[in-house]
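**Q** So here's coords_39.pdb, just PDB, C-alpha atoms:
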ATOM      1  CA  MET A 166      -1.323   3.633 -24.029
ATOM      2  CA  ASP A 167      -2.065   6.709 -21.929
ATOM      3  CA  ILE A 168      -4.961   7.239 -19.547
ATOM      4  CA  GLU A 169      -6.562   9.850 -21.766
ATOM      5  CA  THR A 170      -6.932   7.332 -24.609
ATOM      6  CA  ILE A 171      -8.442   4.722 -22.304
ATOM      7  CA  ALA A 172     -10.771   7.310 -20.762
ATOM      8  CA  LYS A 173     -12.026   8.399 -24.203
ATOM      9  CA  LYS A 174     -12.520   4.884 -25.546
ATOM     10  CA  LEU A 175     -14.374   3.652 -22.475
ATOM     11  CA  ASN A 176     -16.305   6.836 -21.624
ATOM     12  CA  LEU A 177     -14.621   7.222 -18.236
ATOM     13  CA  GLU A 178     -15.315  10.352 -16.244
ATOM     14  CA  VAL A 179     -12.202  11.928 -14.757
ATOM     15  CA  ARG A 180     -12.610  13.054 -11.128
ATOM     16  CA  SER A 181      -9.077  14.034 -10.039
ATOM     17  CA  ALA A 182      -5.607  14.966 -11.279
ATOM     18  CA  SER A 183      -6.834  15.749 -14.800
ATOM     19  CA  ASP A 184      -3.343  17.134 -15.513
ATOM     20  CA  ARG A 185      -1.936  13.601 -15.294
ATOM     21  CA  LEU A 186      -3.880  11.954 -18.108
ATOM     22  CA  LYS A 187      -0.699  11.373 -20.097
ATOM     23  CA  ASN A 188       0.375   8.780 -17.502
ATOM     24  CA  ASN A 189       1.366   5.647 -19.395
ATOM     25  CA  VAL A 190      -0.617   2.500 -18.623
ATOM     26  CA  THR A 191       1.477  -0.647 -18.923
ATOM     27  CA  GLY A 192      -0.916  -3.123 -17.321
ATOM     28  CA  GLY A 193      -3.826  -3.432 -14.967
ATOM     29  CA  TYR A 194      -4.992  -4.962 -11.720
ATOM     30  CA  THR A 195      -8.507  -5.543 -10.432
ATOM     31  CA  GLY A 196      -9.176  -5.935  -6.708
ATOM     32  CA  ASP A 197     -10.793  -4.570  -3.576
ATOM     33  CA  LEU A 198      -8.489  -6.102  -0.947
ATOM     34  CA  LEU A 199      -5.751  -3.552  -0.329
ATOM     35  CA  SER A 200      -3.131  -6.098   0.768
ATOM     36  CA  ASP A 201      -3.744  -8.107  -2.385
ATOM     37  CA  VAL A 202      -3.301  -5.013  -4.544
ATOM     38  CA  MET A 203      -0.164  -4.028  -2.560
ATOM     39  CA  ALA A 204       1.390  -7.447  -3.078
ATOM     40  CA  ASN A 205       0.387  -8.230  -6.639
ATOM     41  CA  SER A 206      -0.090  -5.076  -8.693
ATOM     42  CA  HIS A 207       2.743  -3.334 -10.534
ATOM     43  CA  GLU A 208       4.042   0.113 -11.292
ATOM     44  CA  GLY A 209       2.221   1.574 -14.303
ATOM     45  CA  ASP A 210      -0.925  -0.508 -13.716
ATOM     46  CA  ILE A 211      -4.383   0.962 -13.928
ATOM     47  CA  TRP A 212      -6.181  -0.186 -10.767
ATOM     48  CA  ILE A 213      -9.830  -1.180 -11.069
ATOM     49  CA  THR A 214     -11.706  -1.220  -7.763
ATOM     50  CA  ARG A 215     -14.994  -0.721  -5.932
ATOM     51  CA  GLN A 216     -13.306   0.917  -2.904
ATOM     52  CA  VAL A 217     -13.960   4.655  -2.759
ATOM     53  CA  HIS A 218     -12.279   5.685   0.539
ATOM     54  CA  GLN A 219      -9.077   7.717   0.826
ATOM     55  CA  ASN A 220      -6.750   4.773   1.501
ATOM     56  CA  ILE A 221      -6.876   3.796  -2.182
ATOM     57  CA  VAL A 222      -4.772   6.896  -2.905
ATOM     58  CA  ALA A 223      -1.984   5.741  -0.564
ATOM     59  CA  VAL A 224      -1.920   2.312  -2.239
ATOM     60  CA  ALA A 225      -1.865   3.815  -5.754
ATOM     61  CA  THR A 226       0.889   6.259  -4.730
ATOM     62  CA  LEU A 227       3.025   3.570  -3.105
ATOM     63  CA  LYS A 228       2.644   1.207  -6.060
ATOM     64  CA  GLU A 229       3.049   4.056  -8.594
ATOM     65  CA  HIS A 230      -0.117   3.108 -10.437
ATOM     66  CA  ALA A 231      -0.986   5.088 -13.563
ATOM     67  CA  GLY A 232      -4.451   5.730 -12.118
ATOM     68  CA  ILE A 233      -7.557   4.292 -10.468
ATOM     69  CA  ILE A 234     -10.917   3.463 -12.043
ATOM     70  CA  LEU A 235     -13.985   3.058  -9.846
ATOM     71  CA  VAL A 236     -16.603   0.650 -11.185
ATOM     72  CA  ASN A 237     -20.422   0.609 -11.218
ATOM     73  CA  SER A 238     -20.600   4.440 -11.277
ATOM     74  CA  CYS A 239     -19.257   4.593  -7.701
ATOM     75  CA  GLU A 240     -18.058   8.067  -6.776
ATOM     76  CA  PRO A 241     -14.879   8.730  -4.754
ATOM     77  CA  ALA A 242     -15.382  10.124  -1.230
ATOM     78  CA  ARG A 243     -14.582  13.829  -0.830
ATOM     79  CA  ASP A 244     -11.395  13.227   1.188
ATOM     80  CA  THR A 245     -10.344  10.667  -1.429
ATOM     81  CA  LEU A 246     -10.546  13.381  -4.103
ATOM     82  CA  GLU A 247      -8.611  15.870  -1.997
ATOM     83  CA  LYS A 248      -5.843  13.359  -1.416
ATOM     84  CA  ALA A 249      -5.815  12.254  -5.060
ATOM     85  CA  ASN A 250      -5.392  15.842  -6.263
ATOM     86  CA  GLN A 251      -2.587  16.401  -3.731
ATOM     87  CA  GLU A 252      -0.780  13.211  -4.706
ATOM     88  CA  LYS A 253      -1.556  13.639  -8.432
ATOM     89  CA  VAL A 254      -3.378  10.331  -8.768
ATOM     90  CA  PRO A 255      -5.997  10.341 -11.539
ATOM     91  CA  ILE A 256      -9.279   8.762 -10.412
ATOM     92  CA  MET A 257     -11.888   7.938 -13.024
ATOM     93  CA  VAL A 258     -15.411   6.561 -12.830
ATOM     94  CA  SER A 259     -16.907   3.925 -15.130
ATOM     95  CA  SER A 260     -20.519   2.801 -15.365
ATOM     96  CA  LEU A 261     -19.357  -0.747 -16.136
ATOM     97  CA  PRO A 262     -19.034  -3.528 -13.546
ATOM     98  CA  ALA A 263     -15.479  -4.706 -12.747
ATOM     99  CA  PHE A 264     -15.635  -7.810 -14.974
ATOM    100  CA  GLU A 265     -16.649  -5.917 -18.111
ATOM    101  CA  LEU A 266     -14.312  -2.980 -17.499
ATOM    102  CA  THR A 267     -11.345  -5.282 -16.860
ATOM    103  CA  GLY A 268     -12.091  -7.161 -20.094
ATOM    104  CA  ALA A 269     -12.377  -3.955 -22.107
ATOM    105  CA  ILE A 270      -9.081  -2.547 -20.766
ATOM    106  CA  TYR A 271      -7.328  -5.871 -21.249
ATOM    107  CA  ASN A 272      -8.382  -5.854 -24.914
ATOM    108  CA  LEU A 273      -7.233  -2.255 -25.398
ATOM    109  CA  LEU A 274      -3.807  -2.931 -23.872
ATOM    110  CA  GLU A 275      -3.314  -6.131 -25.857
ATOM    111  CA  LYS A 276      -3.770  -4.226 -29.134
ATOM    112  CA  LYS A 277      -1.027  -1.866 -30.246
ATOM    113  CA  ASP A 278      -1.925   1.788 -29.843
TER     114      ASP A 278
ATOM    115  CA  MET B 117      10.640  12.017  14.064
ATOM    116  CA  HIS B 118      14.076  11.354  15.461
ATOM    117  CA  THR B 119      17.058  11.197  13.145
ATOM    118  CA  THR B 120      20.286   9.820  14.511
ATOM    119  CA  GLU B 121      23.626   8.771  13.173
ATOM    120  CA  THR B 122      25.023   5.452  14.267
ATOM    121  CA  GLU B 123      28.288   3.787  13.392
ATOM    122  CA  ASN B 124      27.048   0.816  11.441
ATOM    123  CA  SER B 125      23.933   2.202   9.863
ATOM    124  CA  LEU B 126      24.022   4.603   6.934
ATOM    125  CA  TYR B 127      20.609   5.998   7.777
ATOM    126  CA  THR B 128      18.299   5.630  10.778
ATOM    127  CA  ASN B 129      14.926   7.179  11.351
ATOM    128  CA  SER B 130      11.882   6.429  13.518
ATOM    129  CA  PHE B 131       8.287   7.262  12.676
ATOM    130  CA  ASP B 132       5.373   7.469  15.111
ATOM    131  CA  ILE B 133       2.081   5.884  14.076
ATOM    132  CA  GLU B 134      -1.280   6.655  15.603
ATOM    133  CA  GLY B 135      -3.604   3.698  16.193
ATOM    134  CA  GLY B 136      -7.073   3.949  14.669
ATOM    135  CA  ASN B 137      -6.285   6.887  12.382
ATOM    136  CA  PHE B 138      -7.080   5.509   8.928
ATOM    137  CA  SER B 139      -6.877   8.947   7.326
ATOM    138  CA  LYS B 140      -3.093   8.854   7.722
ATOM    139  CA  ALA B 141      -2.613   5.133   7.052
ATOM    140  CA  GLY B 142       0.075   4.608   4.429
ATOM    141  CA  THR B 143       1.813   7.965   4.832
ATOM    142  CA  ILE B 144       4.785   6.511   6.727
ATOM    143  CA  ALA B 145       5.240   3.735   4.163
ATOM    144  CA  THR B 146       5.130   6.370   1.420
ATOM    145  CA  ARG B 147       7.782   8.466   3.233
ATOM    146  CA  ILE B 148      10.017   5.458   3.790
ATOM    147  CA  LYS B 149       9.709   4.508   0.139
ATOM    148  CA  SER B 150      10.850   7.956  -1.013
ATOM    149  CA  ILE B 151      13.739   7.914   1.496
ATOM    150  CA  LEU B 152      14.957   4.553   0.157
ATOM    151  CA  LYS B 153      14.588   5.745  -3.441
ATOM    152  CA  GLU B 154      16.561   8.875  -2.644
ATOM    153  CA  ILE B 155      19.331   6.790  -1.067
ATOM    154  CA  GLY B 156      19.450   5.015  -4.425
ATOM    155  CA  LEU B 157      18.653   1.462  -3.377
ATOM    156  CA  PRO B 158      17.661  -0.999  -6.149
ATOM    157  CA  ASN B 159      13.981  -0.960  -7.218
ATOM    158  CA  GLU B 160      13.343  -4.470  -5.921
ATOM    159  CA  VAL B 161      14.581  -3.535  -2.417
ATOM    160  CA  VAL B 162      12.455  -0.373  -2.451
ATOM    161  CA  ARG B 163       9.401  -2.343  -3.637
ATOM    162  CA  LYS B 164       9.760  -5.040  -0.947
ATOM    163  CA  SER B 165      10.428  -2.443   1.784
ATOM    164  CA  ALA B 166       7.345  -0.460   0.742
ATOM    165  CA  ILE B 167       5.122  -3.543   1.002
ATOM    166  CA  VAL B 168       6.396  -4.605   4.456
ATOM    167  CA  CYS B 169       6.236  -1.026   5.789
ATOM    168  CA  TYR B 170       2.710  -0.575   4.481
ATOM    169  CA  GLU B 171       1.475  -3.800   6.048
ATOM    170  CA  SER B 172       3.206  -3.037   9.362
ATOM    171  CA  GLU B 173       1.707   0.441   9.390
ATOM    172  CA  ILE B 174      -1.800  -0.834   8.576
ATOM    173  CA  ASN B 175      -1.541  -3.409  11.365
ATOM    174  CA  ILE B 176      -0.647  -0.714  13.905
ATOM    175  CA  VAL B 177      -3.465   1.569  12.679
ATOM    176  CA  SER B 178      -5.984  -1.299  12.660
ATOM    177  CA  TYR B 179      -5.193  -2.947  15.989
ATOM    178  CA  ALA B 180      -2.821  -1.000  18.237
ATOM    179  CA  ARG B 181      -3.062   2.187  20.317
ATOM    180  CA  LYS B 182       0.175   3.474  18.874
ATOM    181  CA  GLY B 183       3.406   2.274  17.383
ATOM    182  CA  ILE B 184       6.794   3.170  16.004
ATOM    183  CA  ILE B 185       8.420   2.034  12.781
ATOM    184  CA  THR B 186      12.203   2.320  12.736
ATOM    185  CA  LEU B 187      14.133   2.221   9.495
ATOM    186  CA  LYS B 188      17.818   1.364   9.462
ATOM    187  CA  VAL B 189      19.687   1.278   6.198
ATOM    188  CA  ARG B 190      22.968  -0.614   6.440
ATOM    189  CA  SER B 191      25.508  -1.365   3.746
ATOM    190  CA  LYS B 192      24.005  -4.763   2.900
ATOM    191  CA  THR B 193      20.527  -4.682   4.416
ATOM    192  CA  VAL B 194      17.453  -2.617   5.066
ATOM    193  CA  GLU B 195      16.156  -3.239   8.568
ATOM    194  CA  ILE B 196      12.605  -2.357   9.568
ATOM    195  CA  GLU B 197      11.291  -2.655  13.123
ATOM    196  CA  ALA B 198       7.623  -2.178  13.989
ATOM    197  CA  ILE B 199       6.839  -1.959  17.686
ATOM    198  CA  ASP B 200       3.365  -1.294  18.999
ATOM    199  CA  GLU B 201       1.439  -0.891  22.215
ATOM    200  CA  GLY B 202      -1.725  -2.868  21.768
ATOM    201  CA  PRO B 203      -3.647  -6.071  22.384
ATOM    202  CA  GLY B 204      -0.830  -8.353  21.225
ATOM    203  CA  ILE B 205      -1.307 -11.624  19.333
ATOM    204  CA  PRO B 206      -2.281 -14.683  21.420
ATOM    205  CA  ASP B 207      -1.485 -17.261  18.694
ATOM    206  CA  ILE B 208       1.237 -16.074  16.331
ATOM    207  CA  GLU B 209       1.207 -19.223  14.215
ATOM    208  CA  LEU B 210      -2.492 -18.761  13.523
ATOM    209  CA  ALA B 211      -2.054 -15.037  12.832
ATOM    210  CA  MET B 212       0.621 -15.865  10.236
ATOM    211  CA  GLU B 213      -1.811 -18.031   8.244
ATOM    212  CA  GLN B 214      -3.023 -16.429   5.046
ATOM    213  CA  GLY B 215      -6.716 -15.559   5.403
ATOM    214  CA  TYR B 216      -6.829 -15.511   9.215
ATOM    215  CA  SER B 217      -7.808 -12.135  10.637
ATOM    216  CA  THR B 218      -9.394 -10.696  13.775
ATOM    217  CA  ALA B 219     -10.385  -7.473  11.977
ATOM    218  CA  ASN B 220     -13.849  -6.106  12.639
ATOM    219  CA  GLN B 221     -16.496  -5.614   9.947
ATOM    220  CA  GLN B 222     -15.697  -1.914   9.479
ATOM    221  CA  ILE B 223     -12.023  -2.622   8.786
ATOM    222  CA  ARG B 224     -12.937  -5.447   6.385
ATOM    223  CA  GLU B 225     -15.375  -3.287   4.440
ATOM    224  CA  MET B 226     -12.516  -0.888   3.696
ATOM    225  CA  GLY B 227     -10.622  -3.743   2.085
ATOM    226  CA  PHE B 228      -8.259  -4.283   5.034
ATOM    227  CA  GLY B 229      -8.295  -7.309   7.318
ATOM    228  CA  ALA B 230      -8.024  -9.876   4.555
ATOM    229  CA  GLY B 231      -5.601 -11.915   6.640
ATOM    230  CA  MET B 232      -2.734 -11.136   4.278
ATOM    231  CA  GLY B 233      -0.709  -8.573   6.241
ATOM    232  CA  LEU B 234       1.702 -10.700   8.254
ATOM    233  CA  TYR B 235       1.790 -13.260   5.452
ATOM    234  CA  ASN B 236       2.864 -10.541   2.967
ATOM    235  CA  ILE B 237       5.466  -9.215   5.422
ATOM    236  CA  LYS B 238       6.985 -12.675   5.743
ATOM    237  CA  THR B 239       6.867 -13.290   1.992
ATOM    238  CA  TYR B 240       8.614 -10.031   1.076
ATOM    239  CA  SER B 241      11.293 -10.091   3.775
ATOM    240  CA  ASP B 242      14.541 -12.057   3.734
ATOM    241  CA  LYS B 243      14.481 -12.455   7.497
ATOM    242  CA  PHE B 244      11.426 -11.993   9.663
ATOM    243  CA  ASP B 245      11.061 -12.164  13.450
ATOM    244  CA  ILE B 246       7.860 -11.655  15.369
ATOM    245  CA  SER B 247       7.141 -11.693  19.077
ATOM    246  CA  SER B 248       4.118 -10.569  20.984
ATOM    247  CA  GLU B 249       2.751 -10.268  24.474
ATOM    248  CA  VAL B 250      -1.001 -10.209  25.070
ATOM    249  CA  ASP B 251      -2.223  -6.819  26.367
ATOM    250  CA  LYS B 252       1.259  -5.335  25.842
ATOM    251  CA  GLY B 253       2.035  -5.263  22.149
ATOM    252  CA  THR B 254       3.771  -6.759  19.161
ATOM    253  CA  PHE B 255       7.321  -6.508  17.863
ATOM    254  CA  LEU B 256       8.305  -7.167  14.261
ATOM    255  CA  LYS B 257      11.805  -7.174  12.834
ATOM    256  CA  ILE B 258      12.211  -7.408   9.104
ATOM    257  CA  ILE B 259      15.437  -7.601   7.163
ATOM    258  CA  ILE B 260      15.645  -7.120   3.419
ATOM    259  CA  ASN B 261      18.977  -7.856   1.760
ATOM    260  CA  THR B 262      20.417  -5.413  -0.731
ATOM    261  CA  PRO B 263      22.287  -7.072  -3.602
TER     262      PRO B 263
END
Just give me the structure as structure tokens.

**A**
Amino acid sequence: MDIETIAKKLNLEVRSASDRLKNNVTGGYTGDLLSDVMANSHEGDIWITRQVHQNIVAVATLKEHAGIILVNSCEPARDTLEKANQEKVPIMVSSLPAFELTGAIYNLLEKKD
Amino acid sequence: MHTTETENSLYTNSFDIEGGNFSKAGTIATRIKSILKEIGLPNEVVRKSAIVCYESEINIVSYARKGIITLKVRSKTVEIEAIDEGPGIPDIELAMEQGYSTANQQIREMGFGAGMGLYNIKTYSDKFDISSEVDKGTFLKIIINTP
């Protein structure tokens, strides 16, 4: 399932790299500790987090995540957006808390698209 | 950046890292990852190298004044050395424990300083050496085998 489909179904607002919404999402990871995400997430994951600073872009780039979703309507910092556009990492914002958003994405990915 | 050719390494490069500059944290790990990919190393080796480089880089940025990461690609191994000038680690055994960290509140709020860095480096390396001198700095040597 691509990011665009997930964004539409869950009313996510795209904040960066809107030309990369065809990125394929093969799984997901939820976490705010960067070392935990580095060690345990996978390529193609959508990363769900509350962190909004620019270092999330480096982690998503290194791990080749499909994109990042910020929870609880948190907005990315300005330098985060600049970096995300440079590195072509889509960042989206959801009004849902991490638990609900993770559950919703899990259900979408479990069903065939 | 200093590129050199040596007899027994296929590729050697050193990267300077500035302590305290979080805006650049992760850029060296990202560069090293693309270098290893370009060389054509297996995905698993690239993945492990990226994790240990990232954690080494974050440690230098978080705690040291400055540091250097040296990458040496040999025929059967990837060797990564991280040397810094900084406060050093008084109790290495304690620092290796998962969850132990001396990071300040600001670093923790950014999602760093979870006490997983050295633990992750050890977990994802095939051979790991660490030595440190208080008020001088820390030296890490990581070897990842290529199949």

**Q** Report the residues retrieved by the PyMOL selection byres ((chain A and resi 219) around 10) from the displayed file, expressed as an MDAnalysis selection string.

**A** (chainID A and resid 216:218 220:224 241:249) or (chainID B and resid 138:141 226)

**Q** What would the selection look like, as a PDB file with C-alpha atoms, keeping the file's coordinate frame, if the PyMOL selection byres ((chain B) within 9 of (chain A)) were run on the coordinates I just shared?

**A**
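Below is the file that was written, selection_1.pdb:
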ATOM      1  CA  PHE B 138      -7.080   5.509   8.928  1.00  0.00           C
ATOM      2  CA  SER B 139      -6.877   8.947   7.326  1.00  0.00           C
ATOM      3  CA  LYS B 140      -3.093   8.854   7.722  1.00  0.00           C
ATOM      4  CA  ALA B 141      -2.613   5.133   7.052  1.00  0.00           C
ATOM      5  CA  GLY B 142       0.075   4.608   4.429  1.00  0.00           C
ATOM      6  CA  THR B 143       1.813   7.965   4.832  1.00  0.00           C
ATOM      7  CA  ALA B 145       5.240   3.735   4.163  1.00  0.00           C
ATOM      8  CA  THR B 146       5.130   6.370   1.420  1.00  0.00           C
ATOM      9  CA  LYS B 149       9.709   4.508   0.139  1.00  0.00           C
ATOM     10  CA  ARG B 163       9.401  -2.343  -3.637  1.00  0.00           C
ATOM     11  CA  LYS B 164       9.760  -5.040  -0.947  1.00  0.00           C
ATOM     12  CA  ALA B 166       7.345  -0.460   0.742  1.00  0.00           C
ATOM     13  CA  ILE B 167       5.122  -3.543   1.002  1.00  0.00           C
ATOM     14  CA  TYR B 170       2.710  -0.575   4.481  1.00  0.00           C
ATOM     15  CA  GLU B 171       1.475  -3.800   6.048  1.00  0.00           C
ATOM     16  CA  ARG B 224     -12.937  -5.447   6.385  1.00  0.00           C
ATOM     17  CA  GLU B 225     -15.375  -3.287   4.440  1.00  0.00           C
ATOM     18  CA  MET B 226     -12.516  -0.888   3.696  1.00  0.00           C
ATOM     19  CA  GLY B 227     -10.622  -3.743   2.085  1.00  0.00           C
ATOM     20  CA  PHE B 228      -8.259  -4.283   5.034  1.00  0.00           C
ATOM     21  CA  GLY B 229      -8.295  -7.309   7.318  1.00  0.00           C
ATOM     22  CA  ALA B 230      -8.024  -9.876   4.555  1.00  0.00           C
ATOM     23  CA  GLY B 231      -5.601 -11.915   6.640  1.00  0.00           C
ATOM     24  CA  MET B 232      -2.734 -11.136   4.278  1.00  0.00           C
ATOM     25  CA  GLY B 233      -0.709  -8.573   6.241  1.00  0.00           C
ATOM     26  CA  ASN B 236       2.864 -10.541   2.967  1.00  0.00           C
ATOM     27  CA  TYR B 240       8.614 -10.031   1.076  1.00  0.00           C
TER      28      TYR B 240
END

**Q** For region 147-151 of chain B, what centre and edge lengths in Å (one decimal) does the axis-aligned box get once 8 Å is added on each side of all its listed atoms, as AutoDock Vina command-line options?

**A**
--center_x 10.8 --center_y 6.5 --center_z 1.4 --size_x 22.0 --size_y 20.0 --size_z 20.8

**Q** Spell out the residues picked by the PyMOL selection byres ((chain A and resi 256) around 9) here, as a PyMOL selection string.

**A** chain A and resi 178-183+222+232-235+241+246+249+254-255+257-258

**Q** Generate a file of the selected residues that holds C-alpha atoms, formatted as a PDB file, in the frame of the given file.

**A**
ATOM      1  CA  GLU A 178     -15.315  10.352 -16.244  1.00  0.00           C
ATOM      2  CA  VAL A 179     -12.202  11.928 -14.757  1.00  0.00           C
ATOM      3  CA  ARG A 180     -12.610  13.054 -11.128  1.00  0.00           C
ATOM      4  CA  SER A 181      -9.077  14.034 -10.039  1.00  0.00           C
ATOM      5  CA  ALA A 182      -5.607  14.966 -11.279  1.00  0.00           C
ATOM      6  CA  SER A 183      -6.834  15.749 -14.800  1.00  0.00           C
ATOM      7  CA  VAL A 222      -4.772   6.896  -2.905  1.00  0.00           C
ATOM      8  CA  GLY A 232      -4.451   5.730 -12.118  1.00  0.00           C
ATOM      9  CA  ILE A 233      -7.557   4.292 -10.468  1.00  0.00           C
ATOM     10  CA  ILE A 234     -10.917   3.463 -12.043  1.00  0.00           C
ATOM     11  CA  LEU A 235     -13.985   3.058  -9.846  1.00  0.00           C
ATOM     12  CA  PRO A 241     -14.879   8.730  -4.754  1.00  0.00           C
ATOM     13  CA  LEU A 246     -10.546  13.381  -4.103  1.00  0.00           C
ATOM     14  CA  ALA A 249      -5.815  12.254  -5.060  1.00  0.00           C
ATOM     15  CA  VAL A 254      -3.378  10.331  -8.768  1.00  0.00           C
ATOM     16  CA  PRO A 255      -5.997  10.341 -11.539  1.00  0.00           C
ATOM     17  CA  MET A 257     -11.888   7.938 -13.024  1.00  0.00           C
ATOM     18  CA  VAL A 258     -15.411   6.561 -12.830  1.00  0.00           C
TER      19      VAL A 258
END

**Q** Looking at A:Lys253, A:Thr191, A:Leu186, A:Ser238, which one is nearest to Asp210 (chain A), with distances taken over all atoms listed in the file?

**A**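 For Asp210 (chain A), the nearest of the given residues is A:Thr191.
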
**Q** With all atoms listed in the file as the basis for distance, which of A:Ile211, A:Leu175, A:Val236, A:Leu274 is at the shortest distance from Pro262 (chain A)?

**A** A:Val236

**Q** Counting all atoms listed in the file, which residues have an atom no more than 6 Å from (-21.0, 4.5, -14.2) in the file's coordinates? Please list them as a ChimeraX atom specification.

**A** /A:237-238,259-261

**Q** Just want the 12 Å neighbourhood of Ile151 (chain B), counted on all atoms listed in the file, with same-chain residues fewer than 4 positions away dropped. Output as a VMD selection string.

**A** chain B and resid 127 to 129 144 to 147 155 to 157 162 165 to 166 187 to 189 194

**Q** Between CA of Thr186 (chain B) and CA of Glu252 (chain A), measure the distance and give it in Å to one decimal.

**A**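 CA of Glu252 (chain A) lies 24.3 Å from CA of Thr186 (chain B).
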
**Q** Please indicate the distance in Å from CA of Ile270 (chain A) to CA of Ser206 (chain A), rounded to one decimal place.

**A** 15.3 Å

**Q** If I take CA of Ser178 (chain B) and CA of Glu160 (chain B), how far is one from the other in Å, to one decimal?

**A**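 Calculated distance between CA of Ser178 (chain B) and CA of Glu160 (chain B) is 27.0 Å.
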
**Q** May I ask which of the residues A:Ala263, A:Ile213, A:Ala231, A:Cys239 is the closest one to Met166 (chain A), counting only C-alpha atoms?

**A** A:Ala231

**Q** Which residues are near Lys174 (chain A)? Cut-off 10 Å, all atoms listed in the file, ignore same chain within fewer than 6 positions. Put them as a list in words.

**A**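 Returned residues: Ile168, Ala269, Ile270 and Leu273 of chain A.
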
**Q** Using all atoms listed in the file, can you tell me which of B:Asp200, B:Ala180, B:Asp245, B:Ile185 comes closest to Met212 (chain B)?

**A** B:Asp245

**Q** Looking at A:Leu266, A:Asn188, A:Lys276, A:Asn176, which one is nearest to Glu229 (chain A), with distances taken over all atoms listed in the file?

**A** A:Asn188
